[in-house]
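Novice: My structure is below; once you've seen it, I'll send some questions.
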Amino acid sequence: MELRVLQYFLAVTREQSISGAAESLYLSQPTLSRQLKELEKELGKQLMIRGNRRVTLTEEGMILRKRAEEIMELVRKAEAEISLSDEVIAGDITVGAGETDGVRVLAKAAQSLQEKYPLVRFHIFSGDKATVLEELDRGLIDFGLVFGEVETSKYEHIQVPYKDTWGVIMRRDSPLAQKEFITAEDLIDKPLILSRQAFQKQEFQEFFPCGQDKLHIVATYNLLFNGSLMVDEGMGYAISFDKLINVSGESGLCFRPLMPKLEAKMNIVWKKYQAFTKAAEKFIQKLQEIL
């Protein structure tokens, strides 16, 4: 499988037609069609359904599109890193992180590094722990900011001396808003809105000894902003970290911490034996200085 042919395939997925892709690639339509048929023959799978007006991807085609995009991104990163001069500290640093006020640590290190090396650019990718580690393993990001324990056989890490506090986001007119703290008993019969990975965390299993099946879970979220909109519309109570949603001033929402207190520690992680660019090495040094 050649990179050139993967680029042709991605062009077709963007244009949703072979004729449009051929025009954008400055190829004849028969030439492009032949390359795509050879790719399907090589893989032994039909990748697309050719209609009168547009091309539709098969399930195998959608899988290939995702992998092809990842491959081309890795190629782009490799070309950028290799082309950098030995004397210049420049390039891209990509970090995956969950929703947390702890991102301020990354921002502080990034701002300090850019003062000295203005050609360094930072890119933040948002996702839960599973997604961040998956992207890290594939080499699509350089660092991850994750909660919980670190698999030290796979990753190097720096522990961040900061903990996020778990609590409940609710409407100010809800019955529980009158309480200073929220217990597990308070939430047993309430409609709950949880993050997708909540019950994969040991602390949640201990906080709710009754188990997930005994709770009234009405929705889940990946990004808390979406969860907060569901709360605002009266769907239920969202369990989340503090300081992520504005609950001050005229906001109709409020935050109450859990009791007993539940905190999450966080770590900055990267793959063991990873070959870093000079910019990424400087970033690690800056993080160690700050932390």
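Scheme for the structure tokens: letters A, B, ... for chains in order shown; per-chain residue numbers from 1; ligand numbers from 1 in order shown.
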May I have the residues within 8 Å of region 261-270 of chain A as a PyMOL selection string, using only C-alpha atoms and disregarding those fewer than 3 positions away in the same chain?

Specialist: chain A and resi 136+142-148+150+155-167+203+257-258+274

Novice: Work out how far CA of Glu281 (chain A) is from CA of Arg104 (chain A), in Å to one decimal.

Specialist: 19.5 Å

Novice: Determine the nearest neighbour of Ser240 (chain A) from the options A:Asp101, A:Glu15, A:Glu59, A:Glu79, counting only C-alpha atoms.

Specialist: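 Using only C-alpha atoms, the shortest distance to Ser240 (chain A) belongs to A:Asp101.
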
Novice: Work out how far apart CA of Gly139 (chain A) and CA of Glu289 (chain A) are and give it in Å to one decimal.

Specialist: 25.2 Å

Novice: When you count only C-alpha atoms, which of these residues is closest to Leu176 (chain A): A:Gln111, A:Cys254, A:Phe241, A:Ala219?

Specialist: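 Of the candidates, the smallest distance to Leu176 (chain A) is held by A:Cys254.
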
Novice: Let's see if you can do this: from backbone DSSP, list all helix (DSSP H, G or I) residues in region 27-261 of chain A, as a PyMOL selection string.

Specialist: chain A and resi 29-43+59-83+103-116+129-137+175-178+184-187+198-200+202-207+212-214+224-232

Novice: Grab the CA of Arg53 (chain A) to CA of Glu73 (chain A) distance for me, in Å with one decimal place.

Specialist: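 Atom-to-atom, CA of Arg53 (chain A) and CA of Glu73 (chain A) are spaced 29.4 Å apart.
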
Novice: List the neighbours of Gly61 (chain A) out to 8 Å using only C-alpha atoms; skip same-chain residues closer than 3 positions along the sequence, and give me the result as a PyMOL selection string.

Specialist: chain A and resi 46-48+57-58+64-65

Novice: Neighbours of region 31-42 of chain A within 12 Å (only C-alpha atoms; same-chain residues fewer than 2 positions away dropped), as a PyMOL selection string?

Specialist: chain A and resi 1-13+17-29+44-50+55+58+60-61+64

Novice: Save the residues we just selected, N, CA, C and O atoms, as a compact mmCIF listing (two decimals), in the first residue's frame?

Specialist:
# COMPACT_ATOMS: atom_id res chain seq x y z
N MET A 1 0.85 -1.19 0.00
CA MET A 1 0.00 0.00 0.00
C MET A 1 0.90 1.25 0.00
O MET A 1 1.72 1.42 0.89
N GLU A 2 0.74 2.09 -0.99
CA GLU A 2 1.59 3.26 -1.13
C GLU A 2 0.91 4.50 -0.51
O GLU A 2 -0.31 4.64 -0.55
N LEU A 3 1.74 5.40 0.02
CA LEU A 3 1.20 6.65 0.58
C LEU A 3 0.47 7.45 -0.49
O LEU A 3 -0.57 8.06 -0.22
N ARG A 4 1.01 7.43 -1.71
CA ARG A 4 0.37 8.17 -2.80
C ARG A 4 -1.06 7.70 -3.02
O ARG A 4 -1.98 8.51 -3.19
N VAL A 5 -1.28 6.39 -2.98
CA VAL A 5 -2.62 5.85 -3.20
C VAL A 5 -3.53 6.18 -2.03
O VAL A 5 -4.73 6.44 -2.21
N LEU A 6 -2.98 6.18 -0.81
CA LEU A 6 -3.79 6.59 0.34
C LEU A 6 -4.24 8.05 0.19
O LEU A 6 -5.37 8.39 0.55
N GLN A 7 -3.36 8.88 -0.33
CA GLN A 7 -3.74 10.28 -0.58
C GLN A 7 -4.86 10.36 -1.61
O GLN A 7 -5.78 11.16 -1.48
N TYR A 8 -4.79 9.54 -2.63
CA TYR A 8 -5.85 9.50 -3.64
C TYR A 8 -7.18 9.09 -2.98
O TYR A 8 -8.23 9.69 -3.24
N PHE A 9 -7.11 8.05 -2.15
CA PHE A 9 -8.32 7.55 -1.48
C PHE A 9 -8.93 8.64 -0.59
O PHE A 9 -10.15 8.85 -0.59
N LEU A 10 -8.09 9.35 0.16
CA LEU A 10 -8.59 10.41 1.04
C LEU A 10 -9.19 11.55 0.23
O LEU A 10 -10.17 12.19 0.67
N ALA A 11 -8.62 11.83 -0.92
CA ALA A 11 -9.19 12.88 -1.78
C ALA A 11 -10.60 12.52 -2.22
O ALA A 11 -11.50 13.36 -2.26
N VAL A 12 -10.81 11.25 -2.54
CA VAL A 12 -12.16 10.80 -2.93
C VAL A 12 -13.12 10.93 -1.76
O VAL A 12 -14.28 11.35 -1.94
N THR A 13 -12.67 10.58 -0.53
CA THR A 13 -13.56 10.70 0.63
C THR A 13 -13.91 12.17 0.91
O THR A 13 -15.00 12.46 1.38
N SER A 17 -16.66 12.16 -4.63
CA SER A 17 -16.84 11.75 -6.03
C SER A 17 -15.47 11.52 -6.64
O SER A 17 -14.49 12.20 -6.29
N ILE A 18 -15.40 10.57 -7.57
CA ILE A 18 -14.13 10.27 -8.22
C ILE A 18 -13.76 11.38 -9.20
O ILE A 18 -12.59 11.77 -9.31
N SER A 19 -14.74 11.93 -9.88
CA SER A 19 -14.44 13.01 -10.83
C SER A 19 -13.92 14.24 -10.11
O SER A 19 -12.95 14.87 -10.57
N GLY A 20 -14.56 14.59 -8.99
CA GLY A 20 -14.09 15.76 -8.23
C GLY A 20 -12.70 15.54 -7.67
O GLY A 20 -11.86 16.46 -7.68
N ALA A 21 -12.43 14.32 -7.17
CA ALA A 21 -11.10 14.02 -6.62
C ALA A 21 -10.05 14.04 -7.72
O ALA A 21 -8.94 14.54 -7.54
N ALA A 22 -10.39 13.49 -8.90
CA ALA A 22 -9.45 13.48 -10.01
C ALA A 22 -9.07 14.90 -10.42
O ALA A 22 -7.90 15.21 -10.70
N GLU A 23 -10.05 15.79 -10.43
CA GLU A 23 -9.78 17.19 -10.78
C GLU A 23 -8.87 17.84 -9.76
O GLU A 23 -7.93 18.56 -10.12
N SER A 24 -9.11 17.59 -8.46
CA SER A 24 -8.29 18.21 -7.42
C SER A 24 -6.87 17.66 -7.42
O SER A 24 -5.93 18.33 -7.00
N LEU A 25 -6.71 16.40 -7.88
CA LEU A 25 -5.40 15.76 -7.90
C LEU A 25 -4.68 15.94 -9.24
O LEU A 25 -3.55 15.46 -9.40
N TYR A 26 -5.33 16.57 -10.20
CA TYR A 26 -4.79 16.76 -11.55
C TYR A 26 -4.49 15.41 -12.20
O TYR A 26 -3.44 15.20 -12.82
N LEU A 27 -5.43 14.47 -12.03
CA LEU A 27 -5.35 13.16 -12.65
C LEU A 27 -6.54 12.97 -13.57
O LEU A 27 -7.57 13.62 -13.40
N SER A 28 -6.39 12.06 -14.52
CA SER A 28 -7.56 11.70 -15.32
C SER A 28 -8.44 10.78 -14.49
O SER A 28 -7.96 10.04 -13.61
N GLN A 29 -9.74 10.83 -14.74
CA GLN A 29 -10.67 10.00 -13.98
C GLN A 29 -10.40 8.51 -14.16
O GLN A 29 -10.42 7.75 -13.18
N GLY A 44 -8.44 -6.78 -0.69
CA GLY A 44 -9.44 -7.84 -0.75
C GLY A 44 -10.79 -7.41 -0.21
O GLY A 44 -11.60 -8.26 0.19
N LYS A 45 -11.07 -6.11 -0.22
CA LYS A 45 -12.34 -5.58 0.30
C LYS A 45 -12.84 -4.46 -0.60
O LYS A 45 -12.05 -3.69 -1.17
N GLN A 46 -14.16 -4.35 -0.71
CA GLN A 46 -14.75 -3.19 -1.38
C GLN A 46 -14.72 -2.02 -0.42
O GLN A 46 -15.18 -2.12 0.73
N LEU A 47 -14.17 -0.90 -0.85
CA LEU A 47 -14.00 0.25 0.02
C LEU A 47 -15.07 1.32 -0.20
O LEU A 47 -15.32 2.12 0.70
N MET A 48 -15.66 1.34 -1.37
CA MET A 48 -16.64 2.38 -1.66
C MET A 48 -17.71 1.87 -2.62
O MET A 48 -17.47 0.95 -3.41
N ILE A 49 -18.88 2.48 -2.48
CA ILE A 49 -19.99 2.18 -3.38
C ILE A 49 -20.14 3.38 -4.33
O ILE A 49 -20.37 4.52 -3.89
N ARG A 50 -19.99 3.13 -5.60
CA ARG A 50 -19.98 4.21 -6.58
C ARG A 50 -21.40 4.46 -7.08
O ARG A 50 -21.96 3.64 -7.83
N VAL A 55 -19.94 9.12 -4.04
CA VAL A 55 -19.33 7.89 -3.59
C VAL A 55 -19.64 7.72 -2.11
O VAL A 55 -19.51 8.67 -1.32
N THR A 58 -17.94 2.05 2.30
CA THR A 58 -18.39 0.86 3.02
C THR A 58 -17.81 0.91 4.44
O THR A 58 -17.04 1.81 4.78
N GLU A 60 -15.60 -1.08 5.66
CA GLU A 60 -14.15 -1.22 5.52
C GLU A 60 -13.52 0.09 5.01
O GLU A 60 -12.41 0.45 5.41
N GLY A 61 -14.25 0.80 4.16
CA GLY A 61 -13.75 2.08 3.66
C GLY A 61 -13.63 3.11 4.77
O GLY A 61 -12.68 3.91 4.80
N LEU A 64 -10.55 2.33 6.78
CA LEU A 64 -9.33 2.75 6.08
C LEU A 64 -9.18 4.26 6.11
O LEU A 64 -8.06 4.77 6.25

Novice: Write down as a PyMOL selection string the residues belonging to region 65-219 of chain A that are assigned strand (DSSP E) by DSSP computed on the backbone.

Specialist: chain A and resi 91-97+120-126+143-147+155-171+191-195+216-219

Novice: Got a sec: who's within 10 Å of Ala280 (chain A), counting only C-alpha atoms, leaving out chain neighbours fewer than 6 positions off, as an mmCIF file with N, CA and C atoms, in the first residue's frame?

Specialist:
data_model
loop_
_atom_site.group_PDB
_atom_site.id
_atom_site.type_symbol
_atom_site.label_atom_id
_atom_site.label_comp_id
_atom_site.auth_asym_id
_atom_site.auth_seq_id
_atom_site.Cartn_x
_atom_site.Cartn_y
_atom_site.Cartn_z
ATOM 1 N N ILE A 89 15.058 25.927 17.812
ATOM 2 C CA ILE A 89 14.048 25.224 18.601
ATOM 3 C C ILE A 89 12.693 25.673 18.081
ATOM 4 N N ALA A 90 12.042 24.791 17.344
ATOM 5 C CA ALA A 90 10.774 25.159 16.709
ATOM 6 C C ALA A 90 9.957 23.896 16.474
ATOM 7 N N GLY A 91 8.718 24.098 16.058
ATOM 8 C CA GLY A 91 7.875 22.961 15.713
ATOM 9 C C GLY A 91 6.642 22.846 16.578
ATOM 10 N N ASP A 92 5.927 21.746 16.416
ATOM 11 C CA ASP A 92 4.647 21.531 17.080
ATOM 12 C C ASP A 92 4.794 20.600 18.276
ATOM 13 N N ILE A 93 4.073 20.925 19.334
ATOM 14 C CA ILE A 93 3.944 20.062 20.507
ATOM 15 C C ILE A 93 2.455 19.821 20.703
ATOM 16 N N THR A 94 2.052 18.551 20.712
ATOM 17 C CA THR A 94 0.643 18.211 20.817
ATOM 18 C C THR A 94 0.375 17.494 22.129
ATOM 19 N N VAL A 120 7.833 27.755 18.595
ATOM 20 C CA VAL A 120 7.185 26.542 19.089
ATOM 21 C C VAL A 120 5.677 26.776 19.138
ATOM 22 N N ASP A 142 2.075 14.012 21.610
ATOM 23 C CA ASP A 142 3.362 13.870 22.310
ATOM 24 C C ASP A 142 3.189 13.585 23.798
ATOM 25 N N PHE A 143 2.207 14.235 24.414
ATOM 26 C CA PHE A 143 1.996 14.126 25.852
ATOM 27 C C PHE A 143 0.511 13.968 26.151
ATOM 28 N N LYS A 286 10.805 22.364 31.019
ATOM 29 C CA LYS A 286 10.037 23.481 31.578
ATOM 30 C C LYS A 286 8.981 22.969 32.567
#

Novice: Of the candidates A:Val168, A:Gln197, A:Ser112, A:Phe125, which one gets nearest to Gln285 (chain A) if we count only C-alpha atoms?

Specialist: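 Smallest separation from Gln285 (chain A) among the options: A:Ser112.
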
Novice: Would you mind telling me which residue in A:Gly227, A:Ile182, A:Leu140, A:Glu99 lies nearest to Leu194 (chain A) when using only C-alpha atoms?

Specialist: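 Result for the nearest residue to Leu194 (chain A): A:Gly227.
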